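Dropping work_21.json in here (JSON, C-alpha atoms):
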[["chain", "number", "residue", "atom", "x", "y", "z"],
["N", 37, "MET", "CA", -5.62, -20.68, -17.82],
["N", 38, "ASP", "CA", -3.72, -22.15, -14.87],
["N", 39, "VAL", "CA", -1.91, -19.21, -13.27],
["N", 40, "SER", "CA", -2.42, -15.45, -13.57],
["N", 41, "VAL", "CA", 0.67, -13.56, -12.40],
["N", 42, "VAL", "CA", -0.16, -10.05, -11.14],
["N", 43, "VAL", "CA", 2.80, -7.70, -10.78],
["N", 44, "LEU", "CA", 2.16, -4.30, -9.21],
["N", 45, "ASN", "CA", 4.74, -1.62, -9.96],
["N", 46, "TYR", "CA", 5.41, 1.84, -8.62],
["N", 47, "ASN", "CA", 8.59, 3.57, -9.79],
["N", 48, "THR", "CA", 10.74, 0.42, -9.84],
["N", 49, "ARG", "CA", 11.30, 0.24, -13.60],
["N", 50, "GLU", "CA", 14.61, -1.63, -13.58],
["N", 51, "HIS", "CA", 13.46, -4.19, -11.03],
["N", 52, "LEU", "CA", 10.29, -4.67, -13.07],
["N", 53, "ARG", "CA", 12.31, -5.27, -16.25],
["N", 54, "VAL", "CA", 14.39, -7.98, -14.56],
["N", 55, "CYS", "CA", 11.28, -9.56, -13.05],
["N", 56, "LEU", "CA", 9.48, -9.71, -16.40],
["N", 57, "ARG", "CA", 12.51, -11.16, -18.17],
["N", 58, "ALA", "CA", 12.57, -13.97, -15.61],
["N", 59, "LEU", "CA", 8.84, -14.56, -16.12],
["N", 60, "ARG", "CA", 9.30, -14.61, -19.90],
["N", 61, "ALA", "CA", 12.03, -17.23, -19.53],
["N", 62, "GLU", "CA", 9.77, -19.23, -17.23],
["N", 63, "ILE", "CA", 6.92, -19.21, -19.72],
["N", 64, "SER", "CA", 9.13, -20.00, -22.71],
["N", 65, "ALA", "CA", 11.34, -22.73, -21.28],
["N", 66, "TYR", "CA", 9.08, -24.91, -19.17],
["N", 67, "ALA", "CA", 6.29, -27.21, -20.26],
["N", 68, "GLY", "CA", 4.23, -26.49, -17.20],
["N", 69, "PRO", "CA", 1.09, -24.60, -16.32],
["N", 70, "GLU", "CA", -0.44, -22.13, -18.72],
["N", 71, "ILE", "CA", 0.55, -18.69, -17.45],
["N", 72, "GLU", "CA", -0.58, -15.14, -18.16],
["N", 73, "VAL", "CA", 1.08, -12.01, -16.79],
["N", 74, "LEU", "CA", -0.71, -8.80, -15.85],
["N", 75, "VAL", "CA", 1.25, -5.69, -14.84],
["N", 76, "VAL", "CA", -0.47, -2.87, -13.00],
["N", 77, "ASP", "CA", 1.45, 0.38, -12.99],
["N", 78, "ASN", "CA", 0.38, 2.58, -10.08],
["N", 79, "ALA", "CA", 0.85, 5.91, -11.89],
["N", 80, "SER", "CA", 4.67, 5.71, -11.87],
["N", 81, "SER", "CA", 6.70, 8.74, -12.90],
["N", 82, "ASP", "CA", 9.79, 6.81, -14.05],
["N", 83, "GLY", "CA", 8.49, 5.55, -17.40],
["N", 84, "SER", "CA", 7.77, 2.03, -16.13],
["N", 85, "ALA", "CA", 4.50, 1.65, -18.01],
["N", 86, "ASP", "CA", 5.98, 2.81, -21.30],
["N", 87, "MET", "CA", 8.89, 0.39, -20.83],
["N", 88, "VAL", "CA", 6.48, -2.51, -20.39],
["N", 89, "ALA", "CA", 4.48, -1.50, -23.44],
["N", 90, "ALA", "CA", 7.63, -1.22, -25.57],
["N", 91, "GLU", "CA", 9.56, -4.29, -24.40],
["N", 92, "PHE", "CA", 6.95, -6.77, -23.17],
["N", 93, "ALA", "CA", 4.06, -6.70, -25.62],
["N", 94, "TRP", "CA", 2.90, -10.14, -24.37],
["N", 95, "VAL", "CA", 2.11, -8.66, -20.96],
["N", 96, "ARG", "CA", -1.33, -7.26, -20.24],
["N", 97, "LEU", "CA", -0.60, -3.74, -19.00],
["N", 98, "ILE", "CA", -3.05, -1.88, -16.78],
["N", 99, "ARG", "CA", -2.27, 1.79, -16.20],
["N", 100, "SER", "CA", -3.78, 2.85, -12.91],
["N", 101, "PRO", "CA", -4.91, 6.49, -12.88],
["N", 102, "ARG", "CA", -3.41, 7.01, -9.43],
["N", 103, "ASN", "CA", -1.21, 5.40, -6.81],
["N", 104, "GLY", "CA", -3.88, 4.05, -4.51],
["N", 105, "GLY", "CA", -1.57, 1.63, -2.71],
["N", 106, "PHE", "CA", -0.83, -2.09, -2.83],
["N", 107, "ALA", "CA", -4.35, -3.41, -2.35],
["N", 108, "PHE", "CA", -5.87, -0.86, -4.71],
["N", 109, "GLY", "CA", -3.33, -1.60, -7.43],
["N", 110, "ASN", "CA", -3.61, -5.38, -7.29],
["N", 111, "ASN", "CA", -7.39, -5.13, -7.22],
["N", 112, "GLN", "CA", -7.23, -3.41, -10.62],
["N", 113, "ALA", "CA", -5.98, -6.69, -12.09],
["N", 114, "LEU", "CA", -7.91, -9.32, -10.13],
["N", 115, "PRO", "CA", -11.18, -9.01, -12.12],
["N", 116, "HIS", "CA", -9.19, -9.58, -15.34],
["N", 117, "ALA", "CA", -7.19, -12.59, -14.09],
["N", 118, "ARG", "CA", -8.33, -15.80, -15.77],
["N", 119, "GLY", "CA", -6.20, -18.31, -13.89],
["N", 120, "GLU", "CA", -7.25, -21.13, -11.60],
["N", 121, "ALA", "CA", -4.74, -19.54, -9.24],
["N", 122, "ILE", "CA", -3.44, -15.98, -8.94],
["N", 123, "LEU", "CA", 0.19, -15.22, -8.10],
["N", 124, "ILE", "CA", 0.67, -11.83, -6.44],
["N", 125, "LEU", "CA", 4.29, -10.93, -7.19],
["N", 126, "ASN", "CA", 6.38, -7.87, -6.36],
["N", 127, "PRO", "CA", 8.55, -6.44, -9.14],
["N", 128, "ASP", "CA", 11.60, -6.61, -6.83],
["N", 129, "THR", "CA", 11.43, -10.42, -6.79],
["N", 130, "CYS", "CA", 13.11, -12.92, -9.08],
["N", 131, "MET", "CA", 11.25, -16.16, -9.61],
["N", 132, "PRO", "CA", 13.56, -19.22, -9.98],
["N", 133, "PRO", "CA", 13.27, -21.47, -13.05],
["N", 134, "GLY", "CA", 10.23, -23.66, -12.60],
["N", 135, "GLY", "CA", 9.15, -21.70, -9.52],
["N", 136, "ILE", "CA", 5.61, -20.92, -10.66],
["N", 137, "ALA", "CA", 5.04, -24.51, -11.75],
["N", 138, "ALA", "CA", 6.29, -25.73, -8.35],
["N", 139, "LEU", "CA", 3.99, -23.38, -6.44],
["N", 140, "PHE", "CA", 1.03, -24.38, -8.59],
["N", 141, "ARG", "CA", 1.84, -28.07, -8.07],
["N", 142, "LYS", "CA", 1.91, -27.55, -4.29],
["N", 143, "LEU", "CA", -1.48, -25.84, -4.46],
["N", 144, "ARG", "CA", -2.95, -28.82, -6.27],
["N", 145, "GLU", "CA", -1.29, -31.27, -3.87],
["N", 146, "HIS", "CA", -2.92, -29.48, -0.93],
["N", 147, "PRO", "CA", -6.61, -28.90, -1.74],
["N", 148, "GLU", "CA", -7.13, -27.62, 1.81],
["N", 149, "ALA", "CA", -4.71, -24.74, 1.18],
["N", 150, "GLY", "CA", -6.12, -21.47, -0.09],
["N", 151, "ILE", "CA", -2.83, -19.57, -0.12],
["N", 152, "ILE", "CA", 0.77, -20.75, -0.54],
["N", 153, "GLY", "CA", 3.99, -18.76, -0.17],
["N", 154, "PRO", "CA", 7.64, -19.64, -0.89],
["N", 155, "ARG", "CA", 10.81, -18.99, 1.06],
["N", 156, "LEU", "CA", 11.97, -15.41, 0.37],
["N", 157, "LEU", "CA", 15.68, -14.59, 0.46],
["N", 158, "ARG", "CA", 17.25, -11.15, 0.78],
["N", 159, "PRO", "CA", 20.21, -10.11, -1.39],
["N", 160, "ASP", "CA", 22.63, -11.15, 1.37],
["N", 161, "GLY", "CA", 21.19, -14.68, 1.42],
["N", 162, "SER", "CA", 19.30, -14.30, 4.70],
["N", 163, "MET", "CA", 15.64, -15.24, 4.86],
["N", 164, "HIS", "CA", 13.03, -12.53, 4.78],
["N", 165, "LEU", "CA", 11.29, -13.55, 7.99],
["N", 166, "ALA", "CA", 7.90, -12.18, 6.91],
["N", 167, "CYS", "CA", 7.53, -15.06, 4.45],
["N", 168, "ARG", "CA", 6.06, -17.13, 7.33],
["N", 169, "ARG", "CA", 4.53, -15.55, 10.39],
["N", 170, "SER", "CA", 1.80, -15.50, 12.97],
["N", 171, "PHE", "CA", -1.02, -13.01, 13.24],
["N", 172, "PRO", "CA", -0.06, -9.98, 15.38],
["N", 173, "THR", "CA", -2.32, -10.58, 18.35],
["N", 174, "PRO", "CA", -1.65, -8.31, 21.34],
["N", 175, "SER", "CA", 0.53, -10.95, 23.03],
["N", 176, "VAL", "CA", 2.50, -11.84, 19.89],
["N", 177, "SER", "CA", 3.03, -8.15, 19.12],
["N", 178, "PHE", "CA", 4.13, -7.46, 22.71],
["N", 179, "TYR", "CA", 6.83, -10.12, 22.50],
["N", 180, "ARG", "CA", 8.05, -8.46, 19.28],
["N", 181, "PHE", "CA", 7.82, -4.86, 20.55],
["N", 182, "SER", "CA", 9.50, -5.66, 23.86],
["N", 183, "GLY", "CA", 12.52, -7.32, 22.26],
["N", 184, "LEU", "CA", 11.76, -10.73, 23.77],
["N", 185, "ALA", "CA", 11.38, -12.18, 20.27],
["N", 186, "ARG", "CA", 14.95, -11.15, 19.43],
["N", 187, "LEU", "CA", 16.38, -12.23, 22.78],
["N", 188, "LEU", "CA", 14.69, -15.64, 22.75],
["N", 189, "PRO", "CA", 14.08, -16.54, 19.08],
["N", 190, "ALA", "CA", 14.07, -20.29, 19.82],
["N", 191, "SER", "CA", 11.17, -19.94, 22.26],
["N", 192, "SER", "CA", 7.83, -21.24, 21.01],
["N", 193, "ARG", "CA", 6.17, -18.49, 23.04],
["N", 194, "PHE", "CA", 8.34, -15.46, 22.35],
["N", 195, "GLY", "CA", 9.36, -16.37, 18.78],
["N", 196, "ARG", "CA", 5.85, -16.63, 17.40],
["N", 197, "TYR", "CA", 5.88, -13.36, 15.42],
["N", 198, "ASN", "CA", 8.23, -14.74, 12.75],
["N", 199, "LEU", "CA", 8.13, -18.41, 13.84],
["N", 200, "THR", "CA", 11.87, -18.26, 14.53],
["N", 201, "PHE", "CA", 11.60, -21.42, 16.65],
["N", 202, "VAL", "CA", 10.57, -23.50, 13.61],
["N", 203, "ASP", "CA", 13.10, -25.02, 11.19],
["N", 204, "ALA", "CA", 13.16, -22.78, 8.10],
["N", 205, "ASP", "CA", 13.39, -25.88, 5.89],
["N", 206, "LEU", "CA", 10.11, -27.29, 7.18],
["N", 207, "ALA", "CA", 6.99, -26.95, 5.03],
["N", 208, "ILE", "CA", 4.21, -26.05, 7.44],
["N", 209, "GLU", "CA", 0.82, -24.49, 7.85],
["N", 210, "VAL", "CA", 1.20, -20.88, 9.04],
["N", 211, "ASP", "CA", -1.04, -17.95, 9.82],
["N", 212, "SER", "CA", 0.26, -15.82, 6.96],
["N", 213, "VAL", "CA", 2.76, -15.62, 4.14],
["N", 214, "CYS", "CA", 4.15, -12.49, 2.49],
["N", 215, "GLY", "CA", 2.33, -10.49, -0.17],
["N", 216, "ALA", "CA", 5.59, -10.06, -2.10],
["N", 217, "CYS", "CA", 4.96, -13.55, -3.50],
["N", 218, "MET", "CA", 1.81, -15.45, -2.67],
["N", 219, "LEU", "CA", -0.22, -17.90, -4.76],
["N", 220, "VAL", "CA", -3.95, -17.62, -4.07],
["N", 221, "ARG", "CA", -6.61, -20.06, -5.20],
["N", 222, "ARG", "CA", -9.23, -18.33, -7.37],
["N", 223, "GLU", "CA", -11.99, -19.89, -5.29],
["N", 224, "VAL", "CA", -10.61, -18.04, -2.25],
["N", 225, "VAL", "CA", -10.90, -14.67, -3.97],
["N", 226, "GLU", "CA", -14.41, -15.48, -5.15],
["N", 227, "ARG", "CA", -15.39, -16.48, -1.61],
["N", 228, "ILE", "CA", -13.73, -13.81, 0.59],
["N", 229, "GLY", "CA", -13.40, -10.93, -1.87],
["N", 230, "MET", "CA", -10.47, -8.86, -3.02],
["N", 231, "LEU", "CA", -7.79, -7.12, -0.97],
["N", 232, "ASP", "CA", -8.98, -4.55, 1.56],
["N", 233, "GLU", "CA", -8.11, -1.17, 0.06],
["N", 234, "ARG", "CA", -8.16, 0.54, 3.44],
["N", 235, "PHE", "CA", -4.63, -0.86, 3.78],
["N", 236, "PHE", "CA", -2.48, 1.42, 1.64],
["N", 237, "MET", "CA", 0.59, -0.77, 2.02],
["N", 238, "TYR", "CA", 1.45, -3.47, 4.56],
["N", 239, "GLY", "CA", -1.15, -5.52, 6.41],
["N", 240, "GLU", "CA", -3.30, -6.39, 3.42],
["N", 241, "ASP", "CA", -1.58, -9.78, 3.03],
["N", 242, "LEU", "CA", -2.14, -10.57, 6.73],
["N", 243, "ASP", "CA", -5.77, -9.53, 6.37],
["N", 244, "TRP", "CA", -6.27, -11.69, 3.26],
["N", 245, "CYS", "CA", -4.71, -14.72, 4.95],
["N", 246, "LEU", "CA", -6.83, -14.25, 8.07],
["N", 247, "ARG", "CA", -10.00, -13.97, 6.01],
["N", 248, "ALA", "CA", -9.03, -17.10, 4.04],
["N", 249, "ARG", "CA", -8.46, -19.04, 7.25],
["N", 250, "GLN", "CA", -11.76, -17.82, 8.68],
["N", 251, "ALA", "CA", -13.43, -19.17, 5.54],
["N", 252, "GLY", "CA", -11.96, -22.63, 6.15],
["N", 253, "TRP", "CA", -8.75, -22.74, 4.09],
["N", 254, "THR", "CA", -5.22, -23.17, 5.36],
["N", 255, "VAL", "CA", -2.15, -21.08, 4.49],
["N", 256, "ARG", "CA", 1.10, -22.92, 3.69],
["N", 257, "TYR", "CA", 4.79, -22.02, 3.67],
["N", 258, "GLU", "CA", 6.79, -24.01, 1.11],
["N", 259, "PRO", "CA", 10.57, -23.55, 1.63],
["N", 260, "SER", "CA", 11.58, -25.81, -1.25],
["N", 261, "ILE", "CA", 10.62, -22.94, -3.59],
["N", 262, "VAL", "CA", 13.11, -20.10, -3.11],
["N", 263, "VAL", "CA", 12.43, -16.61, -4.47],
["N", 264, "GLN", "CA", 14.95, -13.77, -4.35],
["N", 265, "HIS", "CA", 13.52, -10.58, -2.90],
["N", 266, "GLN", "CA", 15.09, -7.12, -3.04],
["N", 267, "HIS", "CA", 13.07, -6.17, 0.03],
["N", 268, "GLY", "CA", 12.22, -2.49, 0.23],
["N", 269, "ALA", "CA", 13.35, -1.53, -3.26],
["N", 270, "SER", "CA", 10.52, 0.96, -3.56],
["N", 271, "SER", "CA", 9.77, 1.73, 0.09],
["N", 272, "ARG", "CA", 13.29, 2.95, 0.98],
["N", 273, "GLN", "CA", 12.78, 5.80, -1.47],
["N", 274, "ARG", "CA", 10.06, 7.18, 0.81],
["N", 275, "ALA", "CA", 11.06, 5.90, 4.25],
["N", 276, "LEU", "CA", 9.07, 8.39, 6.34],
["N", 277, "ARG", "CA", 5.87, 7.81, 4.42],
["N", 278, "THR", "CA", 6.42, 4.06, 4.36],
["N", 279, "ASN", "CA", 6.89, 3.86, 8.12],
["N", 280, "PHE", "CA", 3.69, 5.82, 8.58],
["N", 281, "HIS", "CA", 1.77, 3.32, 6.45],
["N", 282, "PHE", "CA", 3.40, 0.36, 8.23],
["N", 283, "PHE", "CA", 2.22, 1.42, 11.68],
["N", 284, "ARG", "CA", -1.13, 2.68, 10.39],
["N", 285, "ALA", "CA", -1.67, -0.81, 8.93],
["N", 286, "MET", "CA", -0.95, -2.34, 12.34],
["N", 287, "ASP", "CA", -3.56, -0.08, 13.90],
["N", 288, "LEU", "CA", -6.12, -0.85, 11.19],
["N", 289, "PHE", "CA", -5.52, -4.60, 11.45],
["N", 290, "TYR", "CA", -5.98, -4.48, 15.23],
["N", 291, "ARG", "CA", -9.16, -2.40, 15.01],
["N", 292, "LYS", "CA", -10.61, -4.60, 12.27],
["N", 293, "HIS", "CA", -9.90, -8.00, 13.82],
["N", 294, "TYR", "CA", -9.15, -7.67, 17.53],
["N", 295, "ALA", "CA", -10.61, -4.51, 19.07],
["N", 296, "THR", "CA", -13.97, -6.11, 19.89],
["N", 297, "GLN", "CA", -12.28, -9.13, 21.51],
["N", 298, "TYR", "CA", -10.39, -7.18, 24.18],
["N", 299, "HIS", "CA", -11.15, -4.73, 26.96],
["N", 300, "PRO", "CA", -11.19, -1.07, 25.82],
["N", 301, "LEU", "CA", -8.34, -0.33, 28.23],
["N", 302, "LEU", "CA", -6.11, -2.86, 26.48],
["N", 303, "THR", "CA", -7.15, -1.45, 23.13],
["N", 304, "GLY", "CA", -6.04, 1.98, 24.30],
["N", 305, "VAL", "CA", -2.68, 0.62, 25.41],
["N", 306, "VAL", "CA", -2.18, -1.25, 22.12],
["N", 307, "ARG", "CA", -3.02, 1.74, 19.93],
["N", 308, "THR", "CA", -0.91, 4.11, 22.03],
["N", 309, "SER", "CA", 2.01, 1.70, 21.73],
["N", 310, "ILE", "CA", 1.62, 1.51, 17.97],
["N", 311, "TYR", "CA", 1.81, 5.25, 17.50],
["N", 312, "ALA", "CA", 4.62, 5.61, 20.05],
["N", 313, "ALA", "CA", 6.56, 3.08, 17.98],
["N", 314, "LEU", "CA", 5.73, 5.10, 14.87],
["N", 315, "GLY", "CA", 7.23, 8.20, 16.50],
["N", 316, "LEU", "CA", 10.42, 6.32, 17.35],
["N", 317, "ALA", "CA", 10.62, 4.92, 13.83],
["N", 318, "MET", "CA", 10.26, 8.41, 12.34],
["N", 319, "CYS", "CA", 13.06, 9.72, 14.56],
["N", 320, "ARG", "CA", 15.28, 6.79, 13.61],
["N", 321, "THR", "CA", 14.61, 7.40, 9.93],
["N", 322, "VAL", "CA", 15.55, 11.08, 10.14],
["N", 323, "LEU", "CA", 18.76, 10.31, 12.02],
["N", 324, "THR", "CA", 20.06, 7.52, 9.77],
["N", 325, "SER", "CA", 21.45, 7.53, 6.25],
["N", 326, "PRO", "CA", 19.18, 6.38, 3.39],
["N", 327, "ALA", "CA", 21.14, 3.14, 3.00],
["N", 328, "GLU", "CA", 20.55, 2.23, 6.66],
["N", 329, "ARG", "CA", 16.87, 3.08, 6.82],
["N", 330, "ARG", "CA", 14.34, 0.33, 7.45],
["N", 331, "VAL", "CA", 10.62, -0.02, 7.86],
["N", 332, "GLY", "CA", 8.91, -1.18, 11.06],
["N", 333, "PHE", "CA", 10.35, -1.89, 14.46]]
Structure encoded using C-alpha cells:
Amino acid sequence: MDVSVVVLNYNTREHLRVCLRALRAEISAYAGPEIEVLVVDNASSDGSADMVAAEFAWVRLIRSPRNGGFAFGNNQALPHARGEAILILNPDTCMPPGGIAALFRKLREHPEAGIIGPRLLRPDGSMHLACRRSFPTPSVSFYRFSGLARLLPASSRFGRYNLTFVDADLAIEVDSVCGACMLVRREVVERIGMLDERFFMYGEDLDWCLRARQAGWTVRYEPSIVVQHQHGASSRQRALRTNFHFFRAMDLFYRKHYATQYHPLLTGVVRTSIYAALGLAMCRTVLTSPAERRVGF
C-alpha cells in the first residue's frame, strides 16, 4: 500500500460525502499510487457514520466511542493504516484530480522530508495562511498578537508567523504545514509516535511537525498542489468552545516546547497574554453573528 488516507469526521456529513466522492474519483481514474481510505467518525450525531457505511462500502469505517478531539480521532486510524505514507485529510477539503499522487511523488522526490503539505485555498480563492507557517515562539507570537504581522506582512521579521514575506508560489522548507491536509511518511510516525492527544483541537499539527524536525526530517510546502478547504466548517458550529481549544492549544504548545527555555517571568507574561486574548475572542464571538465568527486572533 502506498498511501493511507485518514479522514476524521465530526458532524460534517455533507462535507464528508463530497470529500469521499472526490477520493473515489481519484482512486478510480488515475493509475497512480495504491490508496486506501479510512474514515474515523468521532461519535457524530448527524448520521455521518451510517451514511459512510451505506454509500461508501469500500471505505474502512472506524466508529469512535466518543469525540476525543482531532488527535484522539486520527490516532484511532493510524495503527490500521498500511500505507508507506499517511495523508491526514479534513472532510471539509476537496482533493484535486491527481492530488494524492502528486503529494506522494513529492515525498519520494524529497527523501529528507518527513511531512509535506499543499497550498490550501478558501472558498473565496484566498490562501489559507496556516498551510505554511513558523513555530509560535514568543517573538513570532508577539509580532502576530501586536498586529505588526498585519501592518508589515512583507517584513522577514514581522511576517514570520504565516511567512507572508515569502512568495506563495515558492516550494520551500517550512516549520509546519496544516493538519487539514498533510502527508506524513510512515517512518516518521514510527519514530516520533502518534499525535499528542493532550491537544483536543489545534496545535497538534504544529507539535507533530516540530517533533519530526527534531528527529531530523524537514517539512515542505508544495504550492503546485492546490486543495480547496472549507475552513471552519465544523468549528463555526461551536465557536465559543472552539476558541477555548485554540488558545488552550497555544498554552499547551508553549508549556511543552518553550517554557523551560525562557525566564519564568516571560512565561508568566506569555501565558497571561494567551488567556487575555482568549477573553477578547470570547467577547468578540458573543457580539458577532454566526456567519462572521472566527477562531483565533
*Hey, what's within 8 Å of Ile124 (chain N) if we count only C-alpha atoms and toss same-chain stuff fewer than 2 positions away? As number ranges by chain, please?*
N: 41-43, 110, 122, 126, 215-220
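Nearest-residue note for Gly304 (chain N): choosing from N:Gly105, N:Glu233, N:Pro174, N:Gly252, the minimum distance belongs to N:Pro174, counting all atoms listed in the file.
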*Identify, on the basis of all atoms listed in the file, every residue whose closest approach to region 80-86 of chain N does not exceed 10 Å; exclude the query and any residue fewer than 4 positions from it along the same chain; express the result as a list of chain:residue names.*
N:Asn45, N:Tyr46, N:Asn47, N:Thr48, N:Arg49, N:Glu50, N:His51, N:Leu52, N:Arg53, N:Val75, N:Val76, N:Ala90, N:Glu91, N:Phe92, N:Leu97, N:Ile98, N:Arg99, N:Ser100, N:Pro101, N:Arg102, N:Asn103
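If all atoms listed in the file are the atoms counted, then among N:Asp160, N:Ala89, N:Glu120, N:Arg307 the closest residue to Arg144 (chain N) is N:Glu120.
Here the question is which of N:His265, N:Arg256, N:Arg60, N:Arg284 gets nearest to Phe236 (chain N) using all atoms listed in the file, and that residue is N:Arg284.
For Asp211 (chain N), the residues within 7 Å (counting all atoms listed in the file, excluding itself and residues fewer than 6 positions away along the chain) are N:Arg169, N:Ser170, N:Phe171, N:Cys245, N:Val255.
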*State, in Å with one decimal place, the distance from CA of Ala166 (chain N) to CA of Ala275 (chain N).*
18.5 Å
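Coordinates place CA of Lys292 (chain N) at a distance of 15.9 Å from CA of Met230 (chain N).
Among N:Asp243, N:Asp232, N:Asp205, N:Glu226, the residue with the shortest atom-to-atom distance to Ser260 (chain N), counting only C-alpha atoms, is N:Asp205.
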*One-decimal distance in Å that lies between CA of Ala137 (chain N) and CA of Ala65 (chain N)*: 11.6 Å
*For Ser175 (chain N), which of N:Leu242, N:Leu302, N:Cys214, N:Ala313 is the closest residue, counting all atoms listed in the file?*
N:Leu302
_Within 7 Å of Phe289 (chain N) using only C-alpha atoms, minus same-chain residues under 4 positions, as a VMD selection string_ = chain N and resid 239 285 293
Expected file: the selected residues, C-alpha atoms, as a PDB file, in the coordinates of the input:
ATOM      1  CA  GLY N 239      -1.150  -5.520   6.410  1.00  0.00           C
ATOM      2  CA  ALA N 285      -1.670  -0.810   8.930  1.00  0.00           C
ATOM      3  CA  HIS N 293      -9.900  -8.000  13.820  1.00  0.00           C
TER       4      HIS N 293
END
_Residues within 10 Å of Ser40 (chain N), all atoms listed in the file, excluding chain neighbours under 3 positions, as an NGL selection string_ = :N and (37 or 43 or 70-74 or 113-114 or 116-124 or 219-220 or 222)
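Nearest to Asp38 (chain N) of all the residues N:Arg221, N:Tyr197, N:Gly135, N:Gly229 is N:Arg221, counting all atoms listed in the file.
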The residues within 9 Å of (14.4, -15.9, -13.8), using all atoms listed in the file and the coordinates of the file, should be reported as a PDB file with C-alpha atoms, in the frame of the given file; which are they?
ATOM      1  CA  VAL N  54      14.390  -7.980 -14.560  1.00  0.00           C
ATOM      2  CA  CYS N  55      11.280  -9.560 -13.050  1.00  0.00           C
ATOM      3  CA  LEU N  56       9.480  -9.710 -16.400  1.00  0.00           C
ATOM      4  CA  ARG N  57      12.510 -11.160 -18.170  1.00  0.00           C
ATOM      5  CA  ALA N  58      12.570 -13.970 -15.610  1.00  0.00           C
ATOM      6  CA  LEU N  59       8.840 -14.560 -16.120  1.00  0.00           C
ATOM      7  CA  ARG N  60       9.300 -14.610 -19.900  1.00  0.00           C
ATOM      8  CA  ALA N  61      12.030 -17.230 -19.530  1.00  0.00           C
ATOM      9  CA  GLU N  62       9.770 -19.230 -17.230  1.00  0.00           C
ATOM     10  CA  CYS N 130      13.110 -12.920  -9.080  1.00  0.00           C
ATOM     11  CA  MET N 131      11.250 -16.160  -9.610  1.00  0.00           C
ATOM     12  CA  PRO N 132      13.560 -19.220  -9.980  1.00  0.00           C
ATOM     13  CA  PRO N 133      13.270 -21.470 -13.050  1.00  0.00           C
ATOM     14  CA  GLY N 134      10.230 -23.660 -12.600  1.00  0.00           C
ATOM     15  CA  GLY N 135       9.150 -21.700  -9.520  1.00  0.00           C
TER      16      GLY N 135
END
Complete region 189-201 of chain N at the level of N, CA and C atoms, written as an mmCIF file, in the coordinates of the input.
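Resulting contents of rebuild_33.cif:
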data_model
loop_
_atom_site.group_PDB
_atom_site.id
_atom_site.type_symbol
_atom_site.label_atom_id
_atom_site.label_comp_id
_atom_site.auth_asym_id
_atom_site.auth_seq_id
_atom_site.Cartn_x
_atom_site.Cartn_y
_atom_site.Cartn_z
ATOM 1 N N PRO N 189 14.708 -16.131 20.338
ATOM 2 C CA PRO N 189 14.080 -16.540 19.080
ATOM 3 C C PRO N 189 13.704 -18.020 19.025
ATOM 4 N N ALA N 190 14.361 -18.850 19.843
ATOM 5 C CA ALA N 190 14.070 -20.290 19.820
ATOM 6 C C ALA N 190 12.877 -20.659 20.698
ATOM 7 N N SER N 191 12.299 -19.676 21.386
ATOM 8 C CA SER N 191 11.170 -19.940 22.260
ATOM 9 C C SER N 191 9.871 -20.037 21.461
ATOM 10 N N SER N 192 9.107 -21.083 21.711
ATOM 11 C CA SER N 192 7.830 -21.240 21.010
ATOM 12 C C SER N 192 6.815 -20.196 21.450
ATOM 13 N N ARG N 193 7.052 -19.557 22.597
ATOM 14 C CA ARG N 193 6.170 -18.490 23.040
ATOM 15 C C ARG N 193 6.615 -17.142 22.483
ATOM 16 N N PHE N 194 7.869 -16.805 22.700
ATOM 17 C CA PHE N 194 8.340 -15.460 22.350
ATOM 18 C C PHE N 194 8.718 -15.332 20.873
ATOM 19 N N GLY N 195 8.961 -16.433 20.188
ATOM 20 C CA GLY N 195 9.360 -16.370 18.780
ATOM 21 C C GLY N 195 8.234 -16.539 17.806
ATOM 22 N N ARG N 196 7.005 -16.349 18.251
ATOM 23 C CA ARG N 196 5.850 -16.630 17.400
ATOM 24 C C ARG N 196 5.674 -15.630 16.261
ATOM 25 N N TYR N 197 6.128 -14.391 16.434
ATOM 26 C CA TYR N 197 5.880 -13.360 15.420
ATOM 27 C C TYR N 197 6.400 -13.809 14.055
ATOM 28 N N ASN N 198 7.645 -14.259 14.008
ATOM 29 C CA ASN N 198 8.230 -14.740 12.750
ATOM 30 C C ASN N 198 8.544 -16.225 12.777
ATOM 31 N N LEU N 199 7.958 -16.948 13.733
ATOM 32 C CA LEU N 199 8.130 -18.410 13.840
ATOM 33 C C LEU N 199 9.611 -18.792 13.821
ATOM 34 N N THR N 200 10.428 -18.027 14.527
ATOM 35 C CA THR N 200 11.870 -18.260 14.530
ATOM 36 C C THR N 200 12.263 -19.544 15.251
ATOM 37 N N PHE N 201 11.331 -20.158 15.956
ATOM 38 C CA PHE N 201 11.600 -21.420 16.650
ATOM 39 C C PHE N 201 11.347 -22.631 15.766
#
